[in-house]
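protein39.txt, holding compact mmCIF, C-alpha atoms and all ligand atoms:
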# COMPACT_ATOMS: atom_id res chain seq x y z
CA MET Z 13 11.98 24.94 4.93
CA GLU Z 14 8.77 23.58 3.59
CA SER Z 15 6.92 25.73 1.15
CA ASN Z 16 4.11 23.34 0.76
CA ASN Z 17 0.66 24.49 -0.09
CA ASN Z 18 -0.71 21.52 1.85
CA ASN Z 19 0.33 23.31 5.01
CA ILE Z 20 -1.90 26.24 4.29
CA GLU Z 21 -5.00 25.99 6.48
CA ASN Z 22 -7.91 24.44 4.77
CA ASN Z 23 -10.50 27.15 5.34
CA ASN Z 24 -13.44 24.88 4.95
CA ASN Z 25 -15.36 23.11 7.65
CA PRO Z 26 -14.08 19.63 8.39
CA ILE Z 27 -15.56 16.98 6.12
CA ASN Z 28 -17.84 14.54 7.95
CA LEU Z 29 -16.53 11.15 6.96
CA ILE Z 30 -17.56 7.51 7.07
CA VAL Z 31 -14.39 5.47 6.60
CA PHE Z 32 -14.13 1.94 5.23
CA GLU Z 33 -10.65 0.74 6.09
CA PHE Z 34 -10.38 -2.38 3.95
CA PHE Z 35 -7.48 -4.75 4.78
CA SER Z 36 -6.92 -2.74 7.95
CA GLY Z 37 -3.98 -4.74 9.37
CA ILE Z 38 -2.68 -3.02 12.50
CA GLY Z 39 -4.39 0.22 11.48
CA GLY Z 40 -1.75 2.27 9.68
CA MET Z 41 -4.44 4.08 7.70
CA HIS Z 42 -6.39 4.91 10.86
CA GLU Z 43 -3.19 6.14 12.48
CA ALA Z 44 -2.54 8.46 9.52
CA LEU Z 45 -6.12 9.76 9.65
CA LYS Z 46 -5.56 10.93 13.24
CA PHE Z 47 -3.45 13.78 11.87
CA GLN Z 48 -6.23 15.25 9.73
CA GLN Z 49 -8.28 16.86 12.51
CA ASN Z 50 -8.54 20.20 10.73
CA ASN Z 51 -9.77 18.62 7.56
CA ILE Z 52 -12.03 15.78 8.58
CA ASN Z 53 -14.37 14.65 11.28
CA ILE Z 54 -14.70 10.88 11.39
CA ILE Z 55 -18.27 9.88 12.14
CA GLU Z 56 -17.61 6.16 11.86
CA ILE Z 57 -14.67 4.02 10.87
CA PHE Z 58 -15.20 0.42 9.79
CA PRO Z 59 -12.00 -1.65 9.65
CA PHE Z 60 -11.95 -5.10 8.01
CA ASP Z 61 -9.33 -7.82 8.31
CA ILE Z 62 -9.27 -11.61 8.56
CA ASN Z 63 -6.08 -11.87 10.56
CA GLN Z 64 -6.70 -12.29 14.27
CA ASN Z 65 -3.29 -10.90 15.29
CA CYS Z 66 -4.05 -7.78 13.29
CA ASN Z 67 -7.46 -7.42 14.82
CA VAL Z 68 -6.40 -7.73 18.46
CA THR Z 69 -3.59 -5.24 17.83
CA TYR Z 70 -6.04 -2.87 16.18
CA LYS Z 71 -8.46 -3.17 19.10
CA TYR Z 72 -5.62 -2.65 21.60
CA ASN Z 73 -4.65 0.64 19.98
CA PHE Z 74 -7.91 2.09 18.67
CA ASN Z 75 -10.47 0.42 20.89
CA ILE Z 76 -12.42 -0.76 17.85
CA THR Z 77 -12.67 -4.41 16.86
CA PRO Z 78 -12.32 -4.81 13.10
CA TYR Z 79 -14.86 -6.90 11.19
CA ASN Z 80 -13.31 -10.32 10.95
CA ILE Z 81 -14.96 -11.24 7.67
CA SER Z 82 -13.31 -12.14 4.42
CA LEU Z 83 -13.70 -9.39 1.87
CA GLU Z 84 -13.96 -12.13 -0.73
CA SER Z 85 -17.50 -12.77 0.37
CA PHE Z 86 -18.48 -9.23 1.36
CA SER Z 87 -21.56 -8.42 -0.73
CA ILE Z 88 -22.98 -5.14 -1.98
CA ASN Z 89 -25.81 -5.70 0.46
CA ASP Z 90 -23.40 -6.15 3.34
CA TYR Z 91 -21.70 -2.93 2.31
CA GLU Z 92 -24.85 -0.91 1.85
CA ASN Z 93 -26.28 -2.09 5.17
CA PHE Z 94 -23.61 -0.03 6.91
CA PHE Z 95 -25.38 3.12 5.78
CA LYS Z 96 -28.76 2.24 7.25
CA LYS Z 97 -27.81 3.40 10.74
CA ILE Z 98 -26.15 6.60 9.62
CA LYS Z 99 -28.48 9.55 9.44
CA ASN Z 100 -26.25 12.63 9.20
CA PRO Z 101 -24.90 13.94 5.92
CA HIS Z 102 -21.44 12.62 5.27
CA LYS Z 103 -18.82 11.78 2.69
CA ILE Z 104 -17.38 8.30 2.24
CA LEU Z 105 -13.70 7.36 2.24
CA TRP Z 106 -12.37 3.97 1.19
CA THR Z 107 -8.83 3.01 2.13
CA LEU Z 108 -7.42 -0.19 0.66
CA SER Z 109 -4.21 -2.08 1.34
CA PRO Z 110 -4.89 -5.30 -0.53
CA PRO Z 111 -2.48 -8.22 0.02
CA CYS Z 112 0.71 -7.40 -1.85
CA GLN Z 113 2.17 -10.91 -2.15
CA PRO Z 114 0.73 -11.53 -5.66
CA PHE Z 115 2.53 -8.37 -6.84
CA THR Z 116 5.91 -8.40 -5.08
CA ARG Z 117 9.05 -9.17 -7.00
CA GLN Z 118 9.74 -12.09 -4.62
CA GLY Z 119 6.20 -13.45 -4.98
CA ASN Z 120 4.66 -15.57 -7.70
CA GLN Z 121 3.55 -12.48 -9.66
CA LYS Z 122 0.24 -14.10 -10.47
CA GLY Z 123 -1.49 -10.79 -9.80
CA LEU Z 124 -5.24 -10.99 -10.10
CA GLU Z 125 -5.09 -14.73 -10.78
CA ASP Z 126 -3.71 -15.33 -7.31
CA ASN Z 127 -6.40 -16.39 -4.83
CA ARG Z 128 -5.30 -13.61 -2.52
CA SER Z 129 -6.57 -11.09 -5.07
CA LYS Z 130 -10.16 -12.33 -4.86
CA ALA Z 131 -11.05 -9.90 -2.11
CA PHE Z 132 -9.75 -6.98 -4.17
CA ILE Z 133 -11.72 -8.08 -7.22
CA ASN Z 134 -14.82 -8.38 -5.08
CA LEU Z 135 -14.38 -4.82 -3.79
CA MET Z 136 -13.93 -3.60 -7.34
CA ASN Z 137 -17.24 -5.23 -8.16
CA ILE Z 138 -18.85 -3.31 -5.29
CA LEU Z 139 -17.25 -0.09 -6.48
CA GLU Z 140 -18.66 -0.66 -9.91
CA ASN Z 141 -22.19 -1.40 -8.77
CA THR Z 142 -22.99 0.32 -5.50
CA CYS Z 143 -25.02 3.49 -5.20
CA TYR Z 144 -22.89 4.41 -2.15
CA LEU Z 145 -19.81 5.33 -4.12
CA PRO Z 146 -16.88 6.55 -2.04
CA ASP Z 147 -16.22 10.28 -2.42
CA TYR Z 148 -12.54 9.69 -1.66
CA LEU Z 149 -10.35 6.66 -2.15
CA LEU Z 150 -6.76 5.82 -1.24
CA LEU Z 151 -5.11 2.56 -2.22
CA GLU Z 152 -1.62 1.54 -1.16
CA ASN Z 153 0.52 -1.28 -2.44
CA VAL Z 154 4.03 -2.42 -3.34
CA LYS Z 155 5.95 -1.10 -6.30
CA ASN Z 156 4.89 -3.18 -9.32
CA PHE Z 157 1.22 -2.90 -8.49
CA GLU Z 158 1.12 0.07 -10.85
CA ASN Z 159 1.82 -2.27 -13.78
CA SER Z 160 -0.68 -4.91 -12.76
CA LYS Z 161 -4.10 -5.89 -14.04
CA ALA Z 162 -5.38 -4.85 -10.62
CA THR Z 163 -4.46 -1.21 -11.22
CA GLU Z 164 -5.85 -1.46 -14.72
CA MET Z 165 -9.12 -2.70 -13.30
CA LEU Z 166 -9.30 0.00 -10.64
CA ILE Z 167 -8.51 2.80 -13.09
CA GLU Z 168 -11.04 1.53 -15.58
CA ILE Z 169 -13.76 1.71 -12.93
CA LEU Z 170 -12.58 5.11 -11.69
CA ASN Z 171 -12.78 6.43 -15.25
CA LYS Z 172 -16.18 4.90 -15.82
CA LYS Z 173 -17.49 6.50 -12.63
CA ASN Z 174 -15.93 9.87 -13.44
CA TYR Z 175 -13.38 10.00 -10.66
CA ASP Z 176 -10.26 12.08 -10.94
CA TYR Z 177 -7.15 10.37 -9.63
CA ILE Z 178 -3.39 10.76 -9.12
CA GLN Z 179 -0.85 7.97 -8.83
CA PHE Z 180 2.35 8.16 -6.83
CA LEU Z 181 5.45 6.12 -6.14
CA ILE Z 182 6.82 7.43 -2.87
CA ASN Z 183 9.75 6.38 -0.75
CA SER Z 184 9.52 7.24 2.96
CA LYS Z 185 13.10 8.56 2.67
CA GLU Z 186 11.59 11.62 0.99
CA PHE Z 187 10.07 12.46 4.36
CA ASN Z 188 13.48 12.50 6.04
CA VAL Z 189 13.05 9.09 7.58
CA PRO Z 190 16.23 6.97 7.68
CA ASN Z 191 14.30 4.05 6.22
CA SER Z 192 13.38 3.07 2.68
CA ARG Z 193 9.89 2.02 1.90
CA LEU Z 194 8.95 2.51 -1.72
CA ARG Z 195 5.23 2.13 -2.25
CA TYR Z 196 2.61 2.79 -4.88
CA TYR Z 197 -0.38 4.98 -3.95
CA ILE Z 198 -3.41 6.09 -5.87
CA ILE Z 199 -5.83 8.71 -4.58
CA ALA Z 200 -9.18 9.46 -6.17
CA ASN Z 201 -11.93 12.03 -5.77
CA LYS Z 202 -15.41 11.55 -7.15
CA ASN Z 203 -16.56 15.16 -6.90
CA LYS Z 204 -13.65 17.37 -7.78
CA LYS Z 205 -10.79 17.56 -10.26
CA PHE Z 206 -7.21 17.87 -9.06
CA LYS Z 207 -5.43 21.03 -10.15
CA ASN Z 208 -2.04 19.67 -10.72
CA ASN Z 209 -2.60 16.52 -12.62
CA ASN Z 210 -1.32 14.68 -15.60
CA LYS Z 211 -3.10 11.36 -15.32
CA LYS Z 212 -0.75 9.52 -17.59
CA VAL Z 213 2.26 10.13 -15.39
CA ILE Z 214 2.89 8.44 -12.07
CA VAL Z 215 4.33 11.08 -9.74
CA GLU Z 216 7.69 9.73 -8.61
CA ASN Z 217 9.01 12.68 -6.67
CA TRP Z 218 6.67 13.85 -3.94
CA ASN Z 219 8.87 16.72 -2.80
CA GLU Z 220 9.26 18.13 -6.27
CA PHE Z 221 5.54 17.70 -6.94
CA ASN Z 222 4.76 19.73 -3.79
CA ASN Z 223 7.63 22.23 -4.12
CA ILE Z 224 9.20 21.01 -0.92
CA ASN Z 225 12.90 21.32 -0.44
CA ASN Z 226 13.88 19.55 2.75
CA LYS Z 227 16.55 16.97 2.44
CA SER Z 228 18.32 16.27 5.68
CA ILE Z 229 17.88 12.74 6.86
CA PRO Z 230 18.98 12.31 10.48
CA THR Z 231 21.23 9.49 11.60
CA ILE Z 232 19.61 6.35 12.96
CA LYS Z 233 21.02 7.31 16.36
CA ASP Z 234 19.28 10.69 16.39
CA TYR Z 235 16.13 9.41 14.80
CA LEU Z 236 15.64 6.68 17.37
CA ASN Z 237 16.84 8.83 20.30
CA TYR Z 238 19.27 6.03 20.85
CA SER Z 239 20.91 5.52 24.19
CA PRO Z 240 23.38 2.71 25.02
CA LEU Z 241 21.40 2.20 28.21
CA PHE Z 242 18.77 0.40 26.16
CA GLU Z 243 21.16 -2.32 25.05
CA SER Z 244 21.16 -4.31 28.28
CA GLU Z 245 17.47 -5.02 27.76
CA LEU Z 246 17.89 -6.11 24.17
CA LYS Z 247 19.77 -9.37 24.63
CA ASP Z 248 17.11 -11.35 22.81
CA PHE Z 249 17.59 -9.29 19.68
CA TYR Z 250 21.28 -10.08 19.24
CA ILE Z 251 22.05 -12.44 16.39
CA SER Z 252 23.25 -15.86 17.45
CA LYS Z 253 26.58 -17.42 16.45
CA ASN Z 254 24.64 -20.13 14.73
CA ILE Z 255 22.96 -17.69 12.38
CA LEU Z 256 26.13 -15.69 11.83
CA SER Z 257 27.92 -18.83 10.71
CA LYS Z 258 25.35 -19.53 8.00
CA GLU Z 259 26.33 -18.64 4.48
CA SER Z 260 23.13 -16.68 3.94
CA SER Z 261 24.21 -14.18 6.58
CA ILE Z 262 26.63 -12.64 4.11
CA ALA Z 263 23.59 -11.02 2.51
CA MET Z 264 22.71 -9.06 5.65
CA ASP Z 265 22.39 -5.32 5.23
CA ILE Z 266 24.49 -4.02 8.12
CA VAL Z 267 24.15 -0.42 9.30
CA THR Z 268 25.61 1.54 12.20
CA LEU Z 269 24.02 4.19 14.38
CA ASN Z 270 25.78 6.88 12.39
CA ASP Z 271 24.24 5.82 9.10
CA ASN Z 272 21.11 7.50 7.86
CA SER Z 273 19.47 4.75 5.90
CA THR Z 274 18.00 1.30 6.47
CA ILE Z 275 16.36 -0.95 3.91
CA CYS Z 276 12.66 -1.74 3.93
CA PHE Z 277 11.57 -3.99 6.81
CA THR Z 278 9.42 -6.73 5.29
CA LYS Z 279 7.28 -9.39 6.87
CA ASN Z 280 10.23 -11.80 6.52
CA TYR Z 281 12.48 -9.77 8.82
CA THR Z 282 14.49 -12.14 11.09
CA LYS Z 283 13.30 -15.08 8.96
CA LEU Z 284 15.21 -14.28 5.79
CA MET Z 285 18.54 -12.48 5.81
CA LYS Z 286 18.48 -11.10 2.32
CA GLY Z 287 16.47 -7.99 1.56
CA SER Z 288 14.17 -8.29 4.57
CA GLY Z 289 15.48 -5.34 6.62
CA SER Z 290 18.71 -3.92 8.02
CA ILE Z 291 20.78 -5.25 10.92
CA LEU Z 292 22.30 -2.89 13.47
CA LEU Z 293 26.00 -3.03 14.28
CA ILE Z 294 26.55 -1.58 17.73
CA GLY Z 295 29.76 0.02 18.84
CA ASP Z 296 31.78 0.02 15.63
CA ASP Z 297 31.84 1.91 12.45
CA ASN Z 298 30.71 0.00 9.43
CA ASN Z 299 33.74 -1.46 7.81
CA ASN Z 300 33.72 -3.82 4.89
CA ASP Z 301 36.55 -6.03 6.07
CA GLU Z 302 34.73 -6.72 9.27
CA LYS Z 303 31.54 -7.62 7.47
CA LYS Z 304 33.25 -10.61 5.93
CA ASP Z 305 34.05 -12.08 9.30
CA LEU Z 306 30.63 -12.04 10.81
CA ILE Z 307 31.40 -14.41 13.66
CA SER Z 308 33.84 -11.87 15.05
CA LEU Z 309 30.92 -9.46 15.29
CA PHE Z 310 29.00 -11.76 17.58
CA GLY Z 311 27.60 -9.66 20.42
CA LYS Z 312 27.58 -6.53 18.29
CA LEU Z 313 24.95 -7.30 15.69
CA ARG Z 314 21.29 -7.17 16.46
CA TYR Z 315 17.91 -6.89 14.83
CA PHE Z 316 16.03 -3.63 15.12
CA THR Z 317 13.27 -4.12 17.67
CA PRO Z 318 9.56 -3.90 16.77
CA LYS Z 319 9.46 -0.65 18.73
CA GLU Z 320 12.25 0.78 16.62
CA ILE Z 321 10.52 -0.32 13.43
CA LEU Z 322 7.30 1.32 14.63
CA LYS Z 323 9.31 4.50 14.91
CA PHE Z 324 10.74 4.13 11.40
CA LEU Z 325 7.16 3.70 10.20
CA ASN Z 326 6.18 6.86 12.10
CA PHE Z 327 3.56 5.33 14.36
CA ASN Z 328 3.12 7.41 17.50
CA ASP Z 329 5.13 6.47 20.56
CA ASN Z 330 2.10 5.07 22.37
CA PHE Z 331 1.36 2.52 19.69
CA GLY Z 332 2.03 -0.99 20.94
CA PHE Z 333 1.25 -4.67 20.71
CA PRO Z 334 -0.81 -6.68 23.17
CA LYS Z 335 1.17 -9.21 25.22
CA GLU Z 336 -0.13 -12.21 23.31
CA ILE Z 337 1.43 -11.09 20.02
CA THR Z 338 4.85 -12.74 19.80
CA ILE Z 339 7.86 -10.76 18.60
CA LYS Z 340 7.89 -12.85 15.41
CA SER Z 341 4.28 -11.95 14.71
CA GLN Z 342 4.98 -8.30 15.46
CA TYR Z 343 7.65 -8.24 12.75
CA LYS Z 344 5.20 -9.85 10.34
CA LEU Z 345 2.49 -7.31 11.03
CA LEU Z 346 4.92 -4.39 10.80
CA GLY Z 347 6.30 -5.69 7.51
CA ASN Z 348 2.82 -5.53 6.00
CA SER Z 349 2.04 -2.08 7.34
CA ILE Z 350 2.61 1.39 5.98
CA ASN Z 351 4.68 4.47 6.68
CA VAL Z 352 2.22 6.65 8.58
CA LYS Z 353 3.91 9.96 7.78
CA VAL Z 354 3.78 9.31 4.05
CA VAL Z 355 0.11 8.36 4.15
CA GLU Z 356 -0.69 11.25 6.49
CA ASN Z 357 0.66 13.65 3.87
CA ILE Z 358 -1.18 11.93 1.05
CA PHE Z 359 -4.43 12.29 3.02
CA LYS Z 360 -3.64 15.96 3.59
CA TYR Z 361 -3.31 16.35 -0.13
CA LEU Z 362 -6.54 14.49 -0.77
CA PHE Z 363 -8.57 16.55 1.74
CA ASN Z 364 -7.14 19.97 0.92
CA ASN Z 365 -9.44 22.10 -1.22
CA ASN Z 366 -6.49 24.11 -2.47
CA ASN Z 367 -5.44 21.12 -4.54
CA TYR Z 368 -8.64 21.09 -6.57
CA ILE Z 369 -10.01 23.18 -9.39
CA ASN Z 370 -12.93 25.14 -7.97
N1 LIG Z 401 -2.50 -1.22 5.91
C1 LIG Z 401 -2.39 -2.35 6.81
C2 LIG Z 401 -1.71 -3.53 6.20
C3 LIG Z 401 -2.50 -4.34 5.27
S1 LIG Z 401 -1.68 -5.81 4.73
C4 LIG Z 401 -1.62 -1.91 8.05
O1 LIG Z 401 -1.39 -0.74 8.25
O2 LIG Z 401 -1.24 -2.77 8.82
C5 LIG Z 401 -3.00 -6.65 4.04
C6 LIG Z 401 -4.03 -7.15 5.03
O3 LIG Z 401 -5.09 -7.74 4.30
C7 LIG Z 401 -3.51 -8.21 5.96
O4 LIG Z 401 -3.62 -7.74 7.29
C8 LIG Z 401 -4.41 -9.42 5.72
O5 LIG Z 401 -4.75 -10.10 6.92
C9 LIG Z 401 -5.64 -8.78 5.11
N2 LIG Z 401 -6.42 -9.64 4.23
C10 LIG Z 401 -5.95 -10.50 3.31
N3 LIG Z 401 -6.97 -11.12 2.68
C11 LIG Z 401 -8.12 -10.65 3.22
C12 LIG Z 401 -9.50 -10.92 3.00
N4 LIG Z 401 -9.88 -11.82 2.10
N5 LIG Z 401 -10.41 -10.26 3.73
C13 LIG Z 401 -10.02 -9.35 4.66
N6 LIG Z 401 -8.71 -9.06 4.91
C14 LIG Z 401 -7.78 -9.70 4.22
Conversion result in structure tokens:
Amino acid sequence: MESNNNNIENNNNPINLIVFEFFSGIGGMHEALKFQQNNINIIEIFPFDINQNCNVTYKYNFNITPYNISLESFSINDYENFFKKIKNPHKILWTLSPPCQPFTRQGNQKGLEDNRSKAFINLMNILENTCYLPDYLLLENVKNFENSKATEMLIEILNKKNYDYIQFLINSKEFNVPNSRLRYYIIANKNKKFKNNNKKVIVENWNEFNNINNKSIPTIKDYLNYSPLFESELKDFYISKNILSKESSIAMDIVTLNDNSTICFTKNYTKLMKGSGSILLIGDDNNNDEKKDLISLFGKLRYFTPKEILKFLNFNDNFGFPKEITIKSQYKLLGNSINVKVVENIFKYLFNNNNYIN
């Protein structure tokens, strides 16, 4: 049972919000905001992304076309112009999912010196100088980001502007999802101080932090509502003999329907075998001897489908991709996205008055 104070009704009126969804991708942040109806009332949401596949997928699901402009060249003026049309009183939320490649273990680890960090640096410059400071902020990134100059820069500005903030490292497994996705999150509030906060420590156990005691991860079979009837339509997802005969295939992470964990699905899923996401073995129990002879498993091993990965990431069942987005691109977009349930709960924490000192 959950004994989580975040579930207590927030007695206050919903907060009127203007949302800037920077690096919006396929809209994981927007998806997570849908579950905050009691707490917030979104007046406007402005998504930004330079990737066309992201933007058509976003439009397809939310009926809003993101601003296809590079955040590298987004000026304070551009930002502040958004407020000209908005008359009603409101609070401002910034969500940020800056490109993680400069910070991943597999990447070049150049951090802020990587060109892909320019957009983040530019936004930090806006944060430092605008008079339209966000009231709330949520940033998400890969593990390692917490040790980067980027985090240092963000925290320095938050301190300078008198924000209170909490940092987390959360794995989606903590939310009883049979999928690992360990990510760094930082939430900040400009107006109020968090009750339960030791700024120096990154919270690494969400359930303990929230006094939640619910550890029962379902099997992949139950989680996906798996039925063998689906398999006939999934021929394209079976792994070819050619790939199985490659030496690199040994590194595949093979799971069965009765397991209750899969590794993180990255944007390299189906491209790289090692560490890019789990492979499903249909019909047999996982058995180490068999793993060595992969060819004999031909016809039994397949990739998880984009629809299944959407489910692991807790997008709602209606979420989909437009026809023009190839399966390969879908995997790429999903690999960059977020676990919606995790972020939904972080937002709940951020918007719940009970978590602040009055
Ligand atoms: N949270 C998103 C994922 C973000 S991944 C989701 O749920 O899908 C990072 C995104 O930043 C990518 O979609 C990438 O296209 C975008 N991006 C990278 N550089 C950018 C820039 N300079 N300006 C705007 N968007 C950028």
| request: Would you mind telling me which residue in Z:Val215, Z:Val189, Z:Leu292, Z:Leu139 lies nearest to Leu309 (chain Z) when using all atoms listed in the file? | output: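 The answer is Z:Leu292, which sits nearest to Leu309 (chain Z).
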| task | Work out how far apart CA of Phe34 (chain Z) and CA of Phe58 (chain Z) are and give it in Å to one decimal. | result | 8.1 Å
| task | Give me the residues within 12 Å of Glu243 (chain Z) as a list in words, counting all atoms listed in the file and dropping any in the same chain fewer than 2 places off. | result |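 So, after excluding close chain neighbours, the residues are Tyr238, Ser239, Pro240, Leu241, Glu245, Leu246, Lys247, Asp248, Phe249, Tyr250, Leu292, Leu293, Ile294, Gly295, Gly311, Lys312, Leu313, Arg314, Tyr315, Phe316 and Thr317 of chain Z.
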| task | Tell me, as an NGL selection string, which residues lie within 6 Å of Trp106 (chain Z), counting only C-alpha atoms; anything in the same chain fewer than 2 positions away does not count. | result | :Z and (31-32 or 149)
Since we have the selection now, will you write its residues out, keeping C-alpha atoms, as a PDB file, in the frame of the given file?
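Result saved to result06.pdb:
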ATOM      1  CA  VAL Z  31     -14.390   5.470   6.600  1.00  0.00           C
ATOM      2  CA  PHE Z  32     -14.130   1.940   5.230  1.00  0.00           C
ATOM      3  CA  LEU Z 149     -10.350   6.660  -2.150  1.00  0.00           C
TER       4      LEU Z 149
END
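One finds CA of Val352 (chain Z) at 26.5 Å from CA of Lys212 (chain Z).
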| task | Compile the contact shell of Lys253 (chain Z) as a VMD selection string: residues with an atom at most 7 Å away, counting all atoms listed in the file, same-chain residues fewer than 3 positions apart removed. | result | chain Z and resid 256 to 257 307 310
How about saving the chosen residues, C-alpha atoms kept, as a tab-separated table (two decimals), keeping the file's coordinate frame?
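Result written to selection_19.tsv:
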chain	number	residue	atom	x	y	z
Z	256	LEU	CA	26.13	-15.69	11.83
Z	257	SER	CA	27.92	-18.83	10.71
Z	307	ILE	CA	31.40	-14.41	13.66
Z	310	PHE	CA	29.00	-11.76	17.58
Please tell me which residues are no farther than 10 Å from (21.4, 8.3, 16.2) in the file, counting only C-alpha atoms, and write them as a CSV table (one decimal) with C-alpha atoms, keeping the file's coordinate frame.
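And here is the file that came out, part.csv:
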chain,number,residue,atom,x,y,z
Z,230,PRO,CA,19.0,12.3,10.5
Z,231,THR,CA,21.2,9.5,11.6
Z,232,ILE,CA,19.6,6.4,13.0
Z,233,LYS,CA,21.0,7.3,16.4
Z,234,ASP,CA,19.3,10.7,16.4
Z,235,TYR,CA,16.1,9.4,14.8
Z,236,LEU,CA,15.6,6.7,17.4
Z,237,ASN,CA,16.8,8.8,20.3
Z,238,TYR,CA,19.3,6.0,20.8
Z,239,SER,CA,20.9,5.5,24.2
Z,268,THR,CA,25.6,1.5,12.2
Z,269,LEU,CA,24.0,4.2,14.4
Z,270,ASN,CA,25.8,6.9,12.4
Z,271,ASP,CA,24.2,5.8,9.1
Z,272,ASN,CA,21.1,7.5,7.9
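The spacing separating CA of Ser109 (chain Z) from CA of Lys286 (chain Z) amounts to 24.4 Å.
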| task | Find the residue from Z:Thr163, Z:Leu170, Z:Tyr148, Z:Thr107 that sits nearest to Ala44 (chain Z); use only C-alpha atoms when measuring. | result |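 Closest candidate: Z:Thr107.
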| task | Please determine the residues with any atom at most 8 Å from (-16.0, 11.6, 12.9) (coordinates as given in the file, with all atoms listed in the file counting) and report them as a list of chain:residue names. | result |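 Looking at atoms near the point gives Z:Asn28, Z:Leu29, Z:Ile30, Z:Ile52, Z:Asn53, Z:Ile54, Z:Ile55, Z:Glu56, Z:Ile57.
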Please define a box with edges along x, y and z of the file around all atoms of ligand LIG 401 (chain Z) given in the file, extend it by 6 Å on each side, and return its centre and edge lengths in Å to one decimal, as AutoDock Vina command-line options.
--center_x -5.8 --center_y -6.3 --center_z 5.5 --size_x 21.2 --size_y 23.1 --size_z 18.7
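Closest approach to Asp265 (chain Z) from the set Z:Thr77, Z:Ser244, Z:Asn367, Z:Ser290 is made by Z:Ser290, with distances taken over all atoms listed in the file.
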| query | Quick one: of Z:Asn191, Z:Ser184, Z:Ser349, Z:Asn80, who's nearest to ligand LIG 401 (chain Z), counting only C-alpha atoms and all ligand atoms? | reply | Z:Ser349
Take region 340-355 of chain Z, model N, CA and C atoms, and hand the result over as a short mmCIF file (atom, residue, chain, number, x, y, z; two decimals), in the coordinates of the input.
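The file below, rebuild38.cif, is the result:
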data_model
loop_
_atom_site.label_atom_id
_atom_site.label_comp_id
_atom_site.auth_asym_id
_atom_site.auth_seq_id
_atom_site.Cartn_x
_atom_site.Cartn_y
_atom_site.Cartn_z
N LYS Z 340 7.90 -12.41 16.82
CA LYS Z 340 7.89 -12.85 15.41
C LYS Z 340 6.66 -12.32 14.68
N SER Z 341 5.51 -12.44 15.34
CA SER Z 341 4.28 -11.95 14.71
C SER Z 341 4.31 -10.43 14.57
N GLN Z 342 4.90 -9.77 15.54
CA GLN Z 342 4.98 -8.30 15.46
C GLN Z 342 5.75 -7.87 14.21
N TYR Z 343 6.87 -8.57 13.96
CA TYR Z 343 7.65 -8.24 12.75
C TYR Z 343 6.82 -8.45 11.50
N LYS Z 344 6.03 -9.53 11.51
CA LYS Z 344 5.20 -9.85 10.34
C LYS Z 344 4.17 -8.75 10.10
N LEU Z 345 3.53 -8.32 11.17
CA LEU Z 345 2.49 -7.31 11.03
C LEU Z 345 3.10 -5.97 10.59
N LEU Z 346 4.26 -5.66 11.16
CA LEU Z 346 4.92 -4.39 10.80
C LEU Z 346 5.36 -4.41 9.34
N GLY Z 347 5.84 -5.58 8.90
CA GLY Z 347 6.30 -5.69 7.51
C GLY Z 347 5.19 -5.43 6.51
N ASN Z 348 3.96 -5.75 6.90
CA ASN Z 348 2.82 -5.53 6.00
C ASN Z 348 2.26 -4.13 6.10
N SER Z 349 2.71 -3.36 7.09
CA SER Z 349 2.04 -2.08 7.34
C SER Z 349 2.61 -0.96 6.47
N ILE Z 350 2.29 0.25 6.85
CA ILE Z 350 2.61 1.39 5.98
C ILE Z 350 3.44 2.42 6.73
N ASN Z 351 4.05 3.34 6.02
CA ASN Z 351 4.68 4.47 6.68
C ASN Z 351 3.60 5.54 6.93
N VAL Z 352 3.34 5.78 8.20
CA VAL Z 352 2.22 6.65 8.58
C VAL Z 352 2.41 8.09 8.10
N LYS Z 353 3.65 8.57 8.17
CA LYS Z 353 3.91 9.96 7.78
C LYS Z 353 3.64 10.17 6.29
N VAL Z 354 4.03 9.20 5.49
CA VAL Z 354 3.78 9.31 4.05
C VAL Z 354 2.28 9.36 3.80
N VAL Z 355 1.56 8.44 4.41
CA VAL Z 355 0.11 8.36 4.15
C VAL Z 355 -0.61 9.58 4.74
#
